[in-house]
Amino acid sequence: MTLRARTLAVALAAAALLAGGCSSAGDEESGDDEIAGAEPATPAENDATAEDQEGEGTAEADTAALEQLYQDYWAALIALENGEDLDPALFEGIATPGVAEEQISRVQPMKDDGIRRVGEPVIDEITVELAPDGSARIQSCVDPEGWTAVRNGEEVPIQSAGRSPRVVLAERASGTWLISEERPSEEATITC
C-alpha cells in the first residue's frame with residue numbers, strides 16, 4: 001500500500017469513527033459504517049493494480065520506443081549515405097555522439113570517392129530485448145538489394161552480404177533511449 005493510500009485509509013477511518021460517534025442508533029443499523037469502512041480498501045486495491053499495469057505498460061512503451069528509435073536510426077543512416085553532406089545532426093536524439101562519429105568515419109571514404117547511395121534497404125523482423133540494467137538489444141533483418149551506389153550518375157558495384165541480421169545496443173540517457181553501439185552480425189540471435 002502506498003503512503004498516499006495509507007493516509008487516505010487513516011483519514012477515512014477517522015472520519016468514519018467520528019461520524020459513528022455522532023450518529024444515532026438508527027444510522028448504525030442502516031449499515032452506513034460498513035460502507036464507510038469498505039471504501040479505503042478500494043483505493044489501495046486500485047493503486048496496486050495501477051502500479052502493476054504501469055510496470056507492464058513501461059516495458060511495452062519502451063519496446064515501442066526502441067522499435068521507433070531503430071527505424072529512426074536507419075533513416076539517419078540512409079540519409080547519411082544517400083546525401084551529399086556528412087551531417088552529424090542526423091543522429092541527434094537518435095544515437096550517442098560516439099556512434100554518430102563512427103558512422104561518419106565509415107561513410108567519409110565513400111563520399112571522398114564521389115560515391116553516394118540511392119534507394120534504401122528493406123528492414124524487417126525488428127526484435128527488442130530489454131535488459132534489467134536499463135539497456136536494450138535491437139536486431140533486425142536488412143536486405144540492401146534496393147540500396148545501390150552511384151558515382152557521377154553511374155551505378156557502382158558494391159559488395160553485399162545479401163539479407164542479413166543487424167544488431168545494435170541502446171541505452172537510456174536522461175530518460176531517452178539512444179543507440180549506443182553497433183555489434184557484429186555474428187552476434188545476432190535471429191536468422192534472416
# chains A, B, ... in the order shown; residues from 1 in each chain; ligands from 1
$ residues_around --residues "Ile104 (chain A)" --least-positions-apart "5" --cutoff "10 Å" --atoms "only C-alpha atoms" --output "NGL selection string"
:A and (77 or 80-81 or 85-88 or 98-99 or 109 or 111)
$ write_last_selection --atoms "N, CA and C atoms" --output "compact mmCIF listing (two decimals), in the first residue's frame"
# COMPACT_ATOMS: atom_id res chain seq x y z
N LEU A 77 20.90 6.73 -41.10
CA LEU A 77 21.97 6.08 -41.87
C LEU A 77 21.73 6.22 -43.37
N LEU A 80 22.38 9.74 -44.42
CA LEU A 80 23.82 9.99 -44.41
C LEU A 80 24.47 9.46 -45.69
N GLU A 81 24.15 8.22 -46.05
CA GLU A 81 24.78 7.61 -47.22
C GLU A 81 24.20 8.12 -48.53
N ASP A 85 26.18 15.58 -47.94
CA ASP A 85 26.97 16.04 -46.80
C ASP A 85 27.03 15.00 -45.69
N LEU A 86 28.09 15.07 -44.92
CA LEU A 86 28.24 14.23 -43.73
C LEU A 86 27.78 15.05 -42.53
N ASP A 87 26.51 14.94 -42.21
CA ASP A 87 25.90 15.78 -41.19
C ASP A 87 25.65 15.01 -39.90
N PRO A 88 26.44 15.27 -38.85
CA PRO A 88 26.23 14.56 -37.59
C PRO A 88 24.88 14.88 -36.93
N GLY A 98 29.36 9.15 -30.05
CA GLY A 98 30.35 8.16 -30.50
C GLY A 98 29.87 7.35 -31.69
N VAL A 99 28.61 6.95 -31.66
CA VAL A 99 28.04 6.20 -32.78
C VAL A 99 27.94 7.09 -34.02
N PRO A 109 35.16 7.86 -46.52
CA PRO A 109 35.91 7.44 -47.71
C PRO A 109 35.03 7.28 -48.95
N LYS A 111 32.30 9.00 -49.62
CA LYS A 111 31.99 10.36 -50.09
C LYS A 111 33.20 10.98 -50.77
$ closest_residue --among "A:Ala59, A:Leu178, A:Leu90, A:Ala75" --to "Val122 (chain A)" --atoms "only C-alpha atoms"
A:Ala75
$ residues_around --residues "Glu125 (chain A)" --least-positions-apart "6" --cutoff "8 Å" --atoms "only C-alpha atoms" --output "list in words"
Gln139, Ser140 and Cys141 of chain A
$ residues_around --residues "Leu130 (chain A)" --least-positions-apart "6" --cutoff "9 Å" --atoms "only C-alpha atoms" --output "short mmCIF file (atom, residue, chain, number, x, y, z; two decimals) with C-alpha atoms, in the first residue's frame"
data_model
loop_
_atom_site.label_atom_id
_atom_site.label_comp_id
_atom_site.auth_asym_id
_atom_site.auth_seq_id
_atom_site.Cartn_x
_atom_site.Cartn_y
_atom_site.Cartn_z
CA ALA A 59 8.05 -2.41 -20.85
CA ASP A 62 10.00 1.01 -24.03
CA THR A 63 9.72 -1.71 -26.67
CA ALA A 136 18.44 -2.96 -24.74
CA ARG A 137 19.47 -5.05 -27.73
CA ILE A 138 17.72 -4.44 -31.05
#
